[in-house]
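Just work-v7.csv here, CSV, C-alpha atoms and all ligand atoms:
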chain,number,residue,atom,x,y,z
A,718,MET,CA,19.7,-17.2,-13.1
A,719,SER,CA,19.3,-13.6,-12.1
A,720,ARG,CA,16.5,-12.6,-9.8
A,721,ARG,CA,14.9,-10.7,-12.7
A,722,ALA,CA,15.0,-13.7,-15.0
A,723,VAL,CA,13.4,-15.8,-12.3
A,724,GLY,CA,10.7,-13.2,-12.0
A,725,VAL,CA,10.0,-13.1,-15.7
A,726,LEU,CA,9.9,-16.9,-15.8
A,727,LEU,CA,7.3,-16.9,-13.0
A,728,LEU,CA,5.3,-14.3,-14.8
A,729,GLY,CA,5.0,-16.7,-17.6
A,730,LEU,CA,3.9,-19.5,-15.3
A,731,LEU,CA,1.3,-17.4,-13.5
A,732,ALA,CA,-0.1,-15.7,-16.5
A,733,LEU,CA,-3.8,-15.3,-16.9
A,734,ALA,CA,-4.8,-14.0,-20.3
A,735,PRO,CA,-8.5,-13.9,-20.6
A,736,SER,CA,-9.8,-14.0,-24.1
A,737,ALA,CA,-11.3,-10.8,-25.5
A,738,ALA,CA,-14.8,-12.3,-25.0
A,739,THR,CA,-14.4,-12.4,-21.2
A,740,GLN,CA,-12.5,-9.1,-20.9
A,741,PRO,CA,-14.4,-7.1,-18.3
A,742,ASN,CA,-15.5,-3.6,-18.9
A,743,LEU,CA,-12.9,-1.6,-16.8
A,744,GLU,CA,-15.1,1.4,-16.4
A,745,PHE,CA,-17.3,-0.3,-13.8
A,746,ILE,CA,-16.7,-2.4,-10.8
A,747,ARG,CA,-18.9,-4.8,-8.7
A,748,VAL,CA,-18.6,-4.2,-5.0
A,749,ALA,CA,-20.2,-6.6,-2.5
A,750,VAL,CA,-21.5,-4.1,0.1
A,751,VAL,CA,-23.4,-6.6,2.2
A,752,GLN,CA,-22.7,-10.3,2.6
A,753,ASN,CA,-24.4,-12.9,4.7
A,754,ASP,CA,-26.9,-10.5,6.4
A,755,PRO,CA,-30.5,-11.7,6.6
A,756,GLU,CA,-31.9,-8.2,6.2
A,757,VAL,CA,-31.0,-4.8,5.0
A,758,ASP,CA,-32.5,-1.3,5.3
A,759,LEU,CA,-33.1,0.3,1.9
A,760,ARG,CA,-34.2,3.8,1.2
A,761,ILE,CA,-34.6,5.4,-2.2
A,762,GLN,CA,-35.4,9.0,-2.9
A,763,GLY,CA,-36.3,9.8,-6.5
A,764,ARG,CA,-37.4,7.8,-9.4
A,765,PHE,CA,-36.2,4.2,-9.8
A,766,THR,CA,-37.1,1.0,-11.6
A,767,LEU,CA,-36.9,-2.5,-9.9
A,768,ARG,CA,-36.1,-5.3,-12.3
A,769,ALA,CA,-35.9,-9.1,-12.1
A,770,MET,CA,-32.1,-9.7,-12.2
A,771,HIS,CA,-32.0,-12.6,-14.6
A,772,THR,CA,-34.6,-11.6,-17.1
A,773,GLY,CA,-34.3,-7.8,-16.8
A,774,ASP,CA,-38.2,-7.6,-16.7
A,775,PRO,CA,-39.5,-4.6,-14.8
A,776,ILE,CA,-41.2,-5.5,-11.5
A,777,TRP,CA,-41.9,-1.9,-10.4
A,778,GLU,CA,-41.4,0.8,-13.0
A,779,GLN,CA,-40.7,4.5,-12.3
A,780,ARG,CA,-41.6,4.4,-8.6
A,781,ARG,CA,-40.8,7.6,-6.8
A,782,TRP,CA,-39.5,6.7,-3.4
A,783,GLY,CA,-39.6,4.1,-0.7
A,784,GLN,CA,-38.2,2.9,2.5
A,785,TRP,CA,-38.2,-0.8,3.3
A,786,ALA,CA,-36.6,-3.6,5.2
A,787,VAL,CA,-35.5,-6.2,2.6
A,788,ARG,CA,-35.3,-9.8,3.8
A,789,ALA,CA,-34.4,-13.1,2.4
A,790,VAL,CA,-37.4,-15.4,2.6
A,791,PRO,CA,-38.0,-19.0,1.2
A,792,GLU,CA,-40.2,-17.7,-1.7
A,793,GLY,CA,-37.6,-15.0,-2.7
A,794,LEU,CA,-37.3,-11.5,-1.4
A,795,ALA,CA,-39.5,-9.7,1.0
A,796,VAL,CA,-39.5,-5.9,0.4
A,797,GLY,CA,-41.4,-4.4,3.3
A,798,GLU,CA,-44.7,-6.3,3.4
A,799,GLU,CA,-44.5,-7.5,-0.2
A,800,ILE,CA,-43.1,-10.9,-1.1
A,801,LEU,CA,-41.4,-10.8,-4.5
A,802,PRO,CA,-41.0,-14.3,-6.1
A,803,TYR,CA,-37.5,-13.5,-7.3
A,804,PHE,CA,-34.1,-14.6,-6.1
A,805,GLY,CA,-32.4,-11.5,-7.4
A,806,VAL,CA,-33.6,-8.0,-8.2
A,807,ARG,CA,-31.8,-5.0,-9.6
A,808,ILE,CA,-32.6,-1.4,-8.5
A,809,GLU,CA,-31.9,1.2,-11.2
A,810,PRO,CA,-32.2,4.8,-9.9
A,811,GLN,CA,-32.6,7.7,-12.3
A,812,ARG,CA,-29.7,10.1,-12.3
A,813,GLU,CA,-31.0,12.5,-9.6
A,814,ALA,CA,-32.3,9.6,-7.3
A,815,ALA,CA,-30.4,8.6,-4.2
A,816,ILE,CA,-30.1,5.0,-2.9
A,817,SER,CA,-29.2,4.5,0.7
A,818,LEU,CA,-28.3,1.1,2.1
A,819,ASN,CA,-28.1,0.6,5.8
A,820,GLY,CA,-27.6,4.3,6.1
A,821,THR,CA,-24.8,4.6,3.5
A,822,ARG,CA,-25.6,6.5,0.3
A,823,LEU,CA,-24.4,4.7,-2.8
A,824,ARG,CA,-23.9,5.7,-6.4
A,825,GLY,CA,-24.7,3.4,-9.3
A,826,THR,CA,-27.2,0.5,-9.3
A,827,LEU,CA,-27.8,-2.2,-6.7
A,828,GLU,CA,-28.4,-6.0,-7.0
A,829,ILE,CA,-30.0,-7.8,-4.1
A,830,VAL,CA,-29.6,-11.5,-4.3
A,831,ARG,CA,-31.1,-14.1,-2.0
A,832,GLN,CA,-28.6,-16.8,-1.1
A,833,LYS,CA,-29.5,-20.4,-0.4
A,834,ASP,CA,-28.9,-20.0,3.3
A,835,LEU,CA,-31.5,-17.2,3.4
A,836,THR,CA,-29.0,-14.4,3.7
A,837,LEU,CA,-28.5,-11.5,1.3
A,838,LEU,CA,-25.7,-10.6,-1.0
A,839,VAL,CA,-25.9,-7.0,-2.1
A,840,ILE,CA,-23.7,-5.9,-5.0
A,841,ASN,CA,-23.2,-2.2,-5.9
A,842,HIS,CA,-22.5,-1.8,-9.7
A,843,VAL,CA,-20.7,1.5,-9.8
A,844,ALA,CA,-18.4,3.4,-12.1
A,845,LEU,CA,-14.8,2.7,-11.1
A,846,GLU,CA,-13.9,6.4,-10.6
A,847,GLU,CA,-17.0,6.9,-8.4
A,848,TYR,CA,-16.1,3.8,-6.4
A,849,LEU,CA,-12.6,5.1,-5.8
A,850,ARG,CA,-13.9,8.4,-4.3
A,851,GLY,CA,-15.7,6.3,-1.7
A,852,VAL,CA,-12.6,4.2,-1.1
A,853,LEU,CA,-9.9,6.9,-0.9
A,854,SER,CA,-11.7,8.9,1.7
A,855,LYS,CA,-11.8,5.8,3.9
A,856,GLU,CA,-8.2,4.7,3.2
A,857,ALA,CA,-6.4,8.0,3.8
A,858,PRO,CA,-6.9,11.2,5.8
A,859,ASP,CA,-8.0,14.0,3.6
A,860,TYR,CA,-5.5,16.4,5.1
A,861,TRP,CA,-2.5,14.4,3.8
A,862,PRO,CA,-0.4,16.0,1.1
A,863,PRO,CA,-2.0,15.9,-2.4
A,864,GLU,CA,0.8,13.8,-4.0
A,865,ALA,CA,0.4,11.1,-1.3
A,866,LEU,CA,-3.4,11.0,-1.8
A,867,LYS,CA,-2.8,10.7,-5.6
A,868,ALA,CA,-0.3,7.8,-5.0
A,869,ILE,CA,-2.9,6.0,-2.9
A,870,ALA,CA,-5.6,6.8,-5.4
A,871,ILE,CA,-3.6,5.2,-8.2
A,872,ALA,CA,-2.7,2.2,-6.0
A,873,ALA,CA,-6.4,1.7,-5.0
A,874,ARG,CA,-7.5,2.0,-8.7
A,875,SER,CA,-4.8,-0.5,-9.7
A,876,TYR,CA,-5.9,-3.0,-7.0
A,877,ALA,CA,-9.5,-2.6,-8.1
A,878,VAL,CA,-8.7,-3.2,-11.7
A,879,TYR,CA,-6.5,-6.1,-10.9
A,880,ARG,CA,-9.4,-7.7,-9.0
A,881,ARG,CA,-11.8,-7.0,-11.8
A,882,ALA,CA,-9.5,-8.6,-14.3
A,883,THR,CA,-9.0,-11.7,-12.1
A,884,LYS,CA,-12.5,-12.1,-10.7
A,885,ALA,CA,-14.5,-11.7,-13.9
A,886,GLN,CA,-16.1,-15.1,-13.4
A,887,GLY,CA,-17.2,-14.5,-9.8
A,888,GLU,CA,-20.3,-12.6,-8.6
A,889,PHE,CA,-18.4,-9.5,-7.6
A,890,ASP,CA,-14.9,-8.0,-7.9
A,891,VAL,CA,-14.2,-6.5,-4.5
A,892,SER,CA,-15.9,-6.5,-1.1
A,893,GLY,CA,-16.5,-3.2,0.5
A,894,THR,CA,-14.9,-4.0,3.8
A,895,VAL,CA,-11.3,-3.7,5.2
A,896,LEU,CA,-10.7,-7.2,3.9
A,897,SER,CA,-10.5,-5.7,0.5
A,898,GLN,CA,-10.6,-1.9,0.2
A,899,ASP,CA,-12.7,-0.1,2.7
A,900,TYR,CA,-15.6,1.6,0.8
A,901,GLY,CA,-17.9,4.2,2.3
A,902,GLY,CA,-20.0,5.1,-0.8
A,903,LYS,CA,-21.1,8.6,-1.5
A,904,THR,CA,-21.5,9.2,2.2
A,905,ALA,CA,-17.8,9.1,2.8
A,906,GLU,CA,-16.6,11.3,-0.1
A,907,LYS,CA,-14.4,14.3,0.8
A,908,ALA,CA,-13.2,17.2,-1.4
A,909,ALA,CA,-9.5,16.5,-1.2
A,910,THR,CA,-9.7,12.8,-1.8
A,911,THR,CA,-12.2,13.2,-4.6
A,912,LYS,CA,-9.7,15.7,-6.2
A,913,ALA,CA,-6.9,13.2,-6.0
A,914,VAL,CA,-9.1,10.6,-7.7
A,915,ARG,CA,-10.0,13.1,-10.5
A,916,GLU,CA,-6.4,14.2,-11.1
A,917,THR,CA,-5.3,10.6,-11.5
A,918,ALA,CA,-8.4,9.4,-13.5
A,919,GLY,CA,-7.7,6.3,-15.4
A,920,LEU,CA,-4.1,5.8,-14.2
A,921,VAL,CA,-2.9,2.4,-12.9
A,922,VAL,CA,0.4,0.9,-11.9
A,923,THR,CA,1.7,-1.9,-14.1
A,924,TYR,CA,4.9,-3.9,-14.5
A,925,GLN,CA,6.0,-4.4,-18.1
A,926,GLY,CA,2.3,-4.3,-19.2
A,927,TRP,CA,1.2,-6.7,-16.4
A,928,LEU,CA,-1.4,-5.9,-13.8
A,929,PHE,CA,-0.5,-6.9,-10.3
A,930,PRO,CA,-2.2,-6.5,-6.9
A,931,THR,CA,-0.9,-3.2,-5.6
A,932,PHE,CA,-1.1,-4.1,-1.9
A,933,TYR,CA,-0.7,-1.3,0.5
A,934,HIS,CA,-0.9,-0.9,4.2
A,935,SER,CA,-0.9,1.7,7.0
A,936,THR,CA,2.6,1.6,8.4
A,937,CYS,CA,5.5,-0.7,7.5
A,938,GLY,CA,7.6,0.0,10.6
A,939,GLY,CA,10.9,0.4,8.7
A,940,MET,CA,10.9,-2.3,6.0
A,941,THR,CA,8.3,-3.6,3.6
A,942,GLU,CA,7.5,-7.3,3.2
A,943,HIS,CA,7.5,-9.7,0.2
A,944,ALA,CA,4.0,-10.3,-1.2
A,945,ARG,CA,4.5,-14.1,-0.9
A,946,VAL,CA,2.8,-13.7,2.5
A,947,MET,CA,-0.4,-12.8,0.5
A,948,GLY,CA,-0.2,-15.6,-2.0
A,949,SER,CA,2.0,-16.5,-5.0
A,950,PHE,CA,2.9,-13.0,-6.2
A,951,ASP,CA,6.5,-13.3,-7.2
A,952,LEU,CA,7.4,-10.3,-9.2
A,953,PRO,CA,9.9,-7.5,-8.7
A,954,PRO,CA,7.5,-4.7,-7.6
A,955,LEU,CA,6.1,-6.9,-4.9
A,956,ALA,CA,9.4,-8.4,-3.7
A,957,GLY,CA,9.4,-6.1,-0.7
A,958,GLY,CA,12.5,-5.4,1.4
A,959,VAL,CA,12.2,-1.7,0.6
A,960,ARG,CA,13.7,0.3,3.4
A,961,CYS,CA,11.3,3.0,4.7
A,962,ARG,CA,12.6,5.6,7.2
A,963,TRP,CA,9.5,7.7,6.4
A,964,CYS,CA,6.7,6.3,8.6
A,965,THR,CA,8.2,7.2,12.0
A,966,ALA,CA,5.4,9.9,12.5
A,967,SER,CA,2.8,7.1,12.4
A,968,PRO,CA,1.2,6.4,15.8
A,969,PHE,CA,1.6,2.8,14.9
A,970,TYR,CA,5.4,2.9,14.0
A,971,SER,CA,6.1,1.1,17.3
A,972,TRP,CA,3.8,-0.4,19.8
A,973,ARG,CA,3.8,-2.7,22.8
A,974,ARG,CA,1.3,-5.3,24.0
A,975,ARG,CA,1.5,-7.5,27.1
A,976,LEU,CA,0.5,-11.1,26.6
A,977,THR,CA,0.1,-13.2,29.7
A,978,ARG,CA,0.4,-17.0,29.6
A,979,GLU,CA,-3.3,-17.2,30.4
A,980,ASP,CA,-4.1,-14.8,27.5
A,981,ILE,CA,-2.3,-17.1,25.1
A,982,ALA,CA,-3.9,-20.3,26.5
A,983,TRP,CA,-7.3,-18.6,26.3
A,984,THR,CA,-6.7,-17.4,22.7
A,985,LEU,CA,-5.9,-20.9,21.6
A,986,HIS,CA,-8.9,-22.3,23.3
A,987,ARG,CA,-11.3,-19.6,21.9
A,988,GLY,CA,-9.8,-20.1,18.4
A,989,GLY,CA,-10.6,-23.8,18.6
A,990,ARG,CA,-6.9,-24.9,18.7
A,991,GLY,CA,-7.3,-26.9,21.8
A,992,SER,CA,-5.0,-26.9,24.9
A,993,VAL,CA,-1.2,-27.0,25.1
A,994,GLY,CA,-1.4,-27.3,28.9
A,995,VAL,CA,0.3,-24.5,30.8
A,996,VAL,CA,2.0,-22.2,28.4
A,997,ARG,CA,5.8,-22.4,29.1
A,998,ASP,CA,7.1,-20.4,26.2
A,999,LEU,CA,6.3,-18.4,23.1
A,1000,ARG,CA,9.0,-18.8,20.6
A,1001,ILE,CA,9.7,-17.1,17.2
A,1002,ILE,CA,10.9,-20.0,15.1
A,1003,LYS,CA,11.5,-18.3,11.8
A,1004,GLN,CA,11.6,-14.8,10.5
A,1005,THR,CA,11.0,-13.5,6.9
A,1006,PRO,CA,14.0,-11.6,5.3
A,1007,SER,CA,12.3,-8.3,6.4
A,1008,GLY,CA,12.4,-9.5,10.0
A,1009,ARG,CA,8.7,-10.3,10.4
A,1010,VAL,CA,7.5,-13.4,12.2
A,1011,GLU,CA,7.1,-16.2,9.7
A,1012,ARG,CA,6.5,-19.1,12.2
A,1013,ILE,CA,5.9,-18.9,15.9
A,1014,GLY,CA,5.5,-21.7,18.4
A,1015,VAL,CA,3.5,-21.9,21.7
A,1016,VAL,CA,5.3,-24.4,23.9
A,1017,GLY,CA,3.1,-25.9,26.6
A,1018,THR,CA,3.4,-28.6,29.3
A,1019,GLN,CA,1.4,-31.0,27.1
A,1020,ARG,CA,2.4,-30.1,23.5
A,1021,THR,CA,3.7,-27.4,21.2
A,1022,LEU,CA,1.6,-25.8,18.6
A,1023,THR,CA,3.1,-23.8,15.7
A,1024,PHE,CA,1.5,-21.1,13.6
A,1025,SER,CA,2.4,-18.9,10.6
A,1026,GLY,CA,2.8,-15.3,11.7
A,1027,SER,CA,-0.5,-14.2,10.0
A,1028,GLU,CA,-2.4,-17.2,11.6
A,1029,PHE,CA,-1.1,-16.1,15.0
A,1030,ARG,CA,-2.1,-12.5,14.3
A,1031,ALA,CA,-5.6,-13.5,13.2
A,1032,LEU,CA,-6.0,-15.7,16.4
A,1033,LEU,CA,-5.0,-12.8,18.7
A,1034,GLY,CA,-7.0,-10.2,16.7
A,1035,PHE,CA,-5.7,-7.8,14.0
A,1036,GLU,CA,-6.2,-4.8,16.3
A,1037,ARG,CA,-4.4,-6.3,19.2
A,1038,LEU,CA,-1.4,-7.5,17.2
A,1039,ARG,CA,-1.1,-4.7,14.6
A,1040,SER,CA,1.5,-6.5,12.6
A,1041,VAL,CA,3.8,-9.6,12.7
A,1042,PHE,CA,6.8,-7.3,12.8
A,1043,PHE,CA,7.6,-8.0,16.5
A,1044,SER,CA,10.1,-9.4,18.9
A,1045,LEU,CA,9.2,-10.9,22.3
A,1046,ILE,CA,10.5,-9.9,25.7
A,1047,PRO,CA,9.9,-12.4,28.5
A,1048,VAL,CA,8.4,-11.0,31.7
A,1049,ALA,CA,7.2,-12.7,34.9
A,1050,ASP,CA,3.7,-13.6,33.8
A,1051,GLY,CA,4.2,-13.8,30.0
A,1052,PHE,CA,5.7,-11.7,27.3
A,1053,VAL,CA,5.8,-8.1,26.1
A,1054,VAL,CA,5.3,-8.0,22.3
A,1055,ASP,CA,7.6,-5.2,21.0
A,1056,GLY,CA,6.0,-4.4,17.7
A,1057,ARG,CA,6.4,-2.2,14.7
A,1058,GLY,CA,4.0,-1.0,12.0
A,1059,TRP,CA,0.4,-1.7,11.3
A,1060,GLY,CA,-0.7,-4.1,8.6
A,1061,HIS,CA,0.8,-6.8,6.4
A,1062,GLY,CA,3.7,-4.6,5.3
A,1063,VAL,CA,3.4,-5.5,1.6
A,1064,GLY,CA,3.7,-2.8,-1.1
A,1065,MET,CA,3.1,0.8,-0.3
A,1066,CYS,CA,3.4,2.1,3.2
A,1067,GLN,CA,0.8,4.9,3.5
A,1068,TRP,CA,2.4,6.8,6.3
A,1069,GLY,CA,5.7,6.6,4.4
A,1070,ALA,CA,4.0,7.9,1.3
A,1071,ALA,CA,2.6,10.9,3.2
A,1072,GLU,CA,6.1,11.8,4.5
A,1073,LEU,CA,7.7,11.4,1.1
A,1074,ALA,CA,5.1,13.7,-0.4
A,1075,ARG,CA,5.9,16.2,2.3
A,1076,ARG,CA,9.5,16.0,1.2
A,1077,GLY,CA,8.5,16.9,-2.3
A,1078,MET,CA,8.2,13.5,-4.1
A,1079,ARG,CA,5.5,13.2,-6.7
A,1080,ALA,CA,2.9,10.5,-6.8
A,1081,GLU,CA,4.6,8.4,-9.5
A,1082,GLU,CA,8.0,8.7,-7.7
A,1083,ILE,CA,6.3,7.5,-4.4
A,1084,LEU,CA,4.8,4.5,-6.3
A,1085,SER,CA,8.0,3.5,-7.9
A,1086,TYR,CA,9.8,3.7,-4.6
A,1087,TYR,CA,7.4,1.2,-3.0
A,1088,TYR,CA,6.8,-0.9,-6.2
A,1089,PRO,CA,10.3,-1.0,-7.7
A,1090,GLY,CA,10.4,-1.4,-11.4
A,1091,ALA,CA,6.7,-0.6,-11.9
A,1092,GLY,CA,5.4,2.3,-14.1
A,1093,LEU,CA,2.1,4.0,-14.9
A,1094,ALA,CA,-0.3,3.0,-17.6
A,1095,SER,CA,-3.7,4.3,-18.6
A,1096,LEU,CA,-6.8,2.2,-18.5
A,1097,ASN,CA,-7.5,3.1,-22.2
A,1098,GLU,CA,-4.2,1.4,-23.2
A,1099,LEU,CA,-5.0,-1.6,-21.1
A,1100,ALA,CA,-8.6,-2.0,-22.3
A,1101,ALA,CA,-7.3,-2.0,-25.9
A,1102,GLN,CA,-5.4,-5.3,-25.5
A,1103,PRO,CA,-6.0,-8.6,-23.7
A,1104,LEU,CA,-5.4,-8.1,-20.0
A,1105,ARG,CA,-2.4,-9.8,-18.4
A,1106,ALA,CA,-2.4,-10.2,-14.7
A,1107,VAL,CA,-0.1,-12.1,-12.3
A,1108,GLY,CA,-1.4,-14.5,-9.7
A,1109,GLY,CA,-5.1,-14.8,-9.5
A,1110,SER,CA,-6.2,-14.9,-5.9
A,1111,SER,CA,-5.6,-12.6,-3.0
B,1201,ZN,ZN,7.0,2.7,6.2
Translate this file's structure into structure tokens.
Amino acid sequence: MSRRAVGVLLLGLLALAPSAATQPNLEFIRVAVVQNDPEVDLRIQGRFTLRAMHTGDPIWEQRRWGQWAVRAVPEGLAVGEEILPYFGVRIEPQREAAISLNGTRLRGTLEIVRQKDLTLLVINHVALEEYLRGVLSKEAPDYWPPEALKAIAIAARSYAVYRRATKAQGEFDVSGTVLSQDYGGKTAEKAATTKAVRETAGLVVTYQGWLFPTFYHSTCGGMTEHARVMGSFDLPPLAGGVRCRWCTASPFYSWRRRLTREDIAWTLHRGGRGSVGVVRDLRIIKQTPSGRVERIGVVGTQRTLTFSGSEFRALLGFERLRSVFFSLIPVADGFVVDGRGWGHGVGMCQWGAAELARRGMRAEEILSYYYPGAGLASLNELAAQPLRAVGGSS
């Protein structure tokens, strides 16, 4: 069977085709901007209405402004000195009003939900295109070439829409942290990135009508990775192995870290993995086809522990080990990690995209370089038919 036939077969197996009744409105997105914090700082300038989330009944109507600490309490929510007997409230500002949460200005409406463990979940309901303005400015430097910013805007939109399509049953679609797409709200918006969002409004990347998670990362280091490291995403645009000679200008193209035997032992201990005794060796057991570490073993005097590359990276810290694209050079007290790239390496390489744009490639050409076989579609086209998305978790 050809690789393509296998891909199509898998598409069939992984299909999610929500019925029209559950089809989400693609013009909006739900962003978890705070999770698991007991308290948030909320400021509102301008008129707003506060409603009970589940009934929609107004609690405060047409207030003018306020500044409070909002806390989760056993009875519900404490807003400043006032205890509200509700587990969830919605803040609806009028058009000219400004909401600021923990110092970040946000567009749209806010839902504040008290969780069982007396922490808060705060969800920003915001128009997709407005959300993207607050994402793009955090994900890419605004001085990058416009076609690179446009490519990243389209990828960020596609990723958000993919999540919206596959998370419709959950409380939110994306979280506003680097675990999903970094989101800085209105505070972060910049002219050049906002322009790239505007000029690509409504455009997403699809593969033969299918939505897929358009993963992207800072710097691939020479070759992109198959999306299977992120979950079961087996389709041609995510198959990786795209050669990229374009990200060499990235400060993260190559890097080195020294790991002493004590460092490794301490990292295992701190990560709750127990002791291997004295660390004798650190051994790459298996590499992915792109050359990244798939399995790595820590050989100790008492036992050997093995980890997937991404587990090992998480244990050491994502900043310390910028990728799993590395080889090891033994030195007297441990190892030098000789690494390339920053990030998981799946999908589009942002530094590569910037260089390709400098060399005259247009946004859609950059996207089809990093997501082979994929094309552009408009959200209007997608919304008119049942959504089809591969996978379902990421
Ligand atoms: Zn690259």
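Using all atoms listed in the file as the basis for the distance check, residues found within 9 Å of ligand ZN 1201 (chain B) are His934, Ser935, Thr936, Cys937, Gly938, Gly939, Met940, Thr941, Val959, Arg960, Cys961, Arg962, Trp963, Cys964, Thr965, Ser967, Tyr970, Gly1058, Gly1062, Met1065, Cys1066, Gln1067, Trp1068, Gly1069 and Ala1070 of chain A.
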Hey, what's within 9 Å of Arg997 (chain A) if we count only C-alpha atoms and toss same-chain stuff fewer than 6 positions away? As a ChimeraX atom specification, please?
/A:978,1015-1018,1051
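Non-sequential neighbours of Ala868 (chain A) (distance at most 9 Å, separation of 4 or more positions within a chain, only C-alpha atoms) are Pro863, Glu864, Ala872, Ala873, Ala913, Thr917, Ala1070, Arg1079, Ala1080, Glu1081, Glu1082, Ile1083 and Leu1084 of chain A.
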Next, write the just-selected residues to a file, as an mmCIF file, in the frame of the given file, keeping C-alpha atoms as the atom set.
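Written file, part-v1.cif:
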data_model
loop_
_atom_site.group_PDB
_atom_site.id
_atom_site.type_symbol
_atom_site.label_atom_id
_atom_site.label_comp_id
_atom_site.auth_asym_id
_atom_site.auth_seq_id
_atom_site.Cartn_x
_atom_site.Cartn_y
_atom_site.Cartn_z
ATOM 1 C CA PRO A 863 -2.000 15.900 -2.400
ATOM 2 C CA GLU A 864 0.800 13.800 -4.000
ATOM 3 C CA ALA A 872 -2.700 2.200 -6.000
ATOM 4 C CA ALA A 873 -6.400 1.700 -5.000
ATOM 5 C CA ALA A 913 -6.900 13.200 -6.000
ATOM 6 C CA THR A 917 -5.300 10.600 -11.500
ATOM 7 C CA ALA A 1070 4.000 7.900 1.300
ATOM 8 C CA ARG A 1079 5.500 13.200 -6.700
ATOM 9 C CA ALA A 1080 2.900 10.500 -6.800
ATOM 10 C CA GLU A 1081 4.600 8.400 -9.500
ATOM 11 C CA GLU A 1082 8.000 8.700 -7.700
ATOM 12 C CA ILE A 1083 6.300 7.500 -4.400
ATOM 13 C CA LEU A 1084 4.800 4.500 -6.300
#
Nearby residues, (-33.8, 1.7, 4.5) file frame, 6 Å, all atoms listed in the file, as a PyMOL selection string
chain A and resi 758-760+784-785+819
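Among the candidates A:Gln886, A:Thr931, A:Ser992, A:Thr1005, the one nearest to Thr1021 (chain A) when counting only C-alpha atoms is A:Ser992.
For the atom pair formed by CA of Ser1025 (chain A) and CA of Tyr876 (chain A), the distance is 25.1 Å, given to one decimal.
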Need the neighbours of (-26.7, -7.9, -1.7): which residues are at most 8 Å away, counting only C-alpha atoms, as a compact mmCIF listing (two decimals) with C-alpha atoms, in the frame of the given file?
# COMPACT_ATOMS: atom_id res chain seq x y z
CA ALA A 749 -20.20 -6.60 -2.50
CA VAL A 750 -21.50 -4.10 0.10
CA VAL A 751 -23.40 -6.60 2.20
CA GLN A 752 -22.70 -10.30 2.60
CA LEU A 827 -27.80 -2.20 -6.70
CA GLU A 828 -28.40 -6.00 -7.00
CA ILE A 829 -30.00 -7.80 -4.10
CA VAL A 830 -29.60 -11.50 -4.30
CA ARG A 831 -31.10 -14.10 -2.00
CA LEU A 837 -28.50 -11.50 1.30
CA LEU A 838 -25.70 -10.60 -1.00
CA VAL A 839 -25.90 -7.00 -2.10
CA ILE A 840 -23.70 -5.90 -5.00
CA ASN A 841 -23.20 -2.20 -5.90
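CA of Tyr848 (chain A) is found 10.3 Å from CA of Thr911 (chain A).
Taking CA of Pro810 (chain A) and CA of Arg747 (chain A) as endpoints, the distance between them is 16.4 Å.
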Can you list, as an mmCIF file with C-alpha atoms, keeping the file's coordinate frame, every protein, DNA or RNA residue that comes within 7 Å of Thr766 (chain A) when you count only C-alpha atoms, leaving out same-chain residues fewer than 4 positions away?
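File part-v4.cif, as written:
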data_model
loop_
_atom_site.group_PDB
_atom_site.id
_atom_site.type_symbol
_atom_site.label_atom_id
_atom_site.label_comp_id
_atom_site.auth_asym_id
_atom_site.auth_seq_id
_atom_site.Cartn_x
_atom_site.Cartn_y
_atom_site.Cartn_z
ATOM 1 C CA PRO A 775 -39.500 -4.600 -14.800
ATOM 2 C CA TRP A 777 -41.900 -1.900 -10.400
ATOM 3 C CA GLU A 778 -41.400 0.800 -13.000
ATOM 4 C CA GLN A 779 -40.700 4.500 -12.300
ATOM 5 C CA ARG A 780 -41.600 4.400 -8.600
ATOM 6 C CA ILE A 808 -32.600 -1.400 -8.500
ATOM 7 C CA GLU A 809 -31.900 1.200 -11.200
ATOM 8 C CA PRO A 810 -32.200 4.800 -9.900
#
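Proximity to Arg1037 (chain A) at 12 Å, evaluated using all atoms listed in the file and with sequence-adjacent residues fewer than 5 positions away removed, yields Phe969, Trp972, Arg973, Arg974, Arg975, Leu976, Asp980, Thr984, Phe1029, Arg1030, Ala1031, Leu1032, Val1054, Gly1056, Trp1059 and Gly1060 of chain A.
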Counting only C-alpha atoms, which residue out of A:Val757, A:Val996, A:Val921, A:Ala1091 sits closest to Leu818 (chain A)?
A:Val757
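Residues in contact range of Leu1096 (chain A), defined as at most 9 Å between all atoms listed in the file, with sequence neighbours fewer than 2 positions away removed, read Leu743, Glu744, Val878, Ala918, Gly919, Leu920, Val921, Ala1094, Glu1098, Leu1099, Ala1100 and Ala1101 of chain A.
Counting all atoms listed in the file and comparing A:Gly1108, A:Gly957, A:Pro862, A:Gly887, the residue that lies closest to Val748 (chain A) is A:Gly887.
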Reconstruct N, CA and C atoms of region 966-970 of chain A; output as a compact mmCIF listing (two decimals), in the coordinates of the input.
# COMPACT_ATOMS: atom_id res chain seq x y z
N ALA A 966 6.46 8.97 11.88
CA ALA A 966 5.40 9.90 12.50
C ALA A 966 4.14 9.11 12.75
N SER A 967 4.02 7.91 12.20
CA SER A 967 2.80 7.10 12.40
C SER A 967 2.62 6.76 13.85
N PRO A 968 1.40 6.88 14.38
CA PRO A 968 1.20 6.40 15.80
C PRO A 968 1.37 4.94 15.93
N PHE A 969 1.49 4.22 14.81
CA PHE A 969 1.60 2.80 14.90
C PHE A 969 3.05 2.33 14.51
N TYR A 970 3.98 3.29 14.42
CA TYR A 970 5.40 2.90 14.00
C TYR A 970 5.93 1.92 15.02
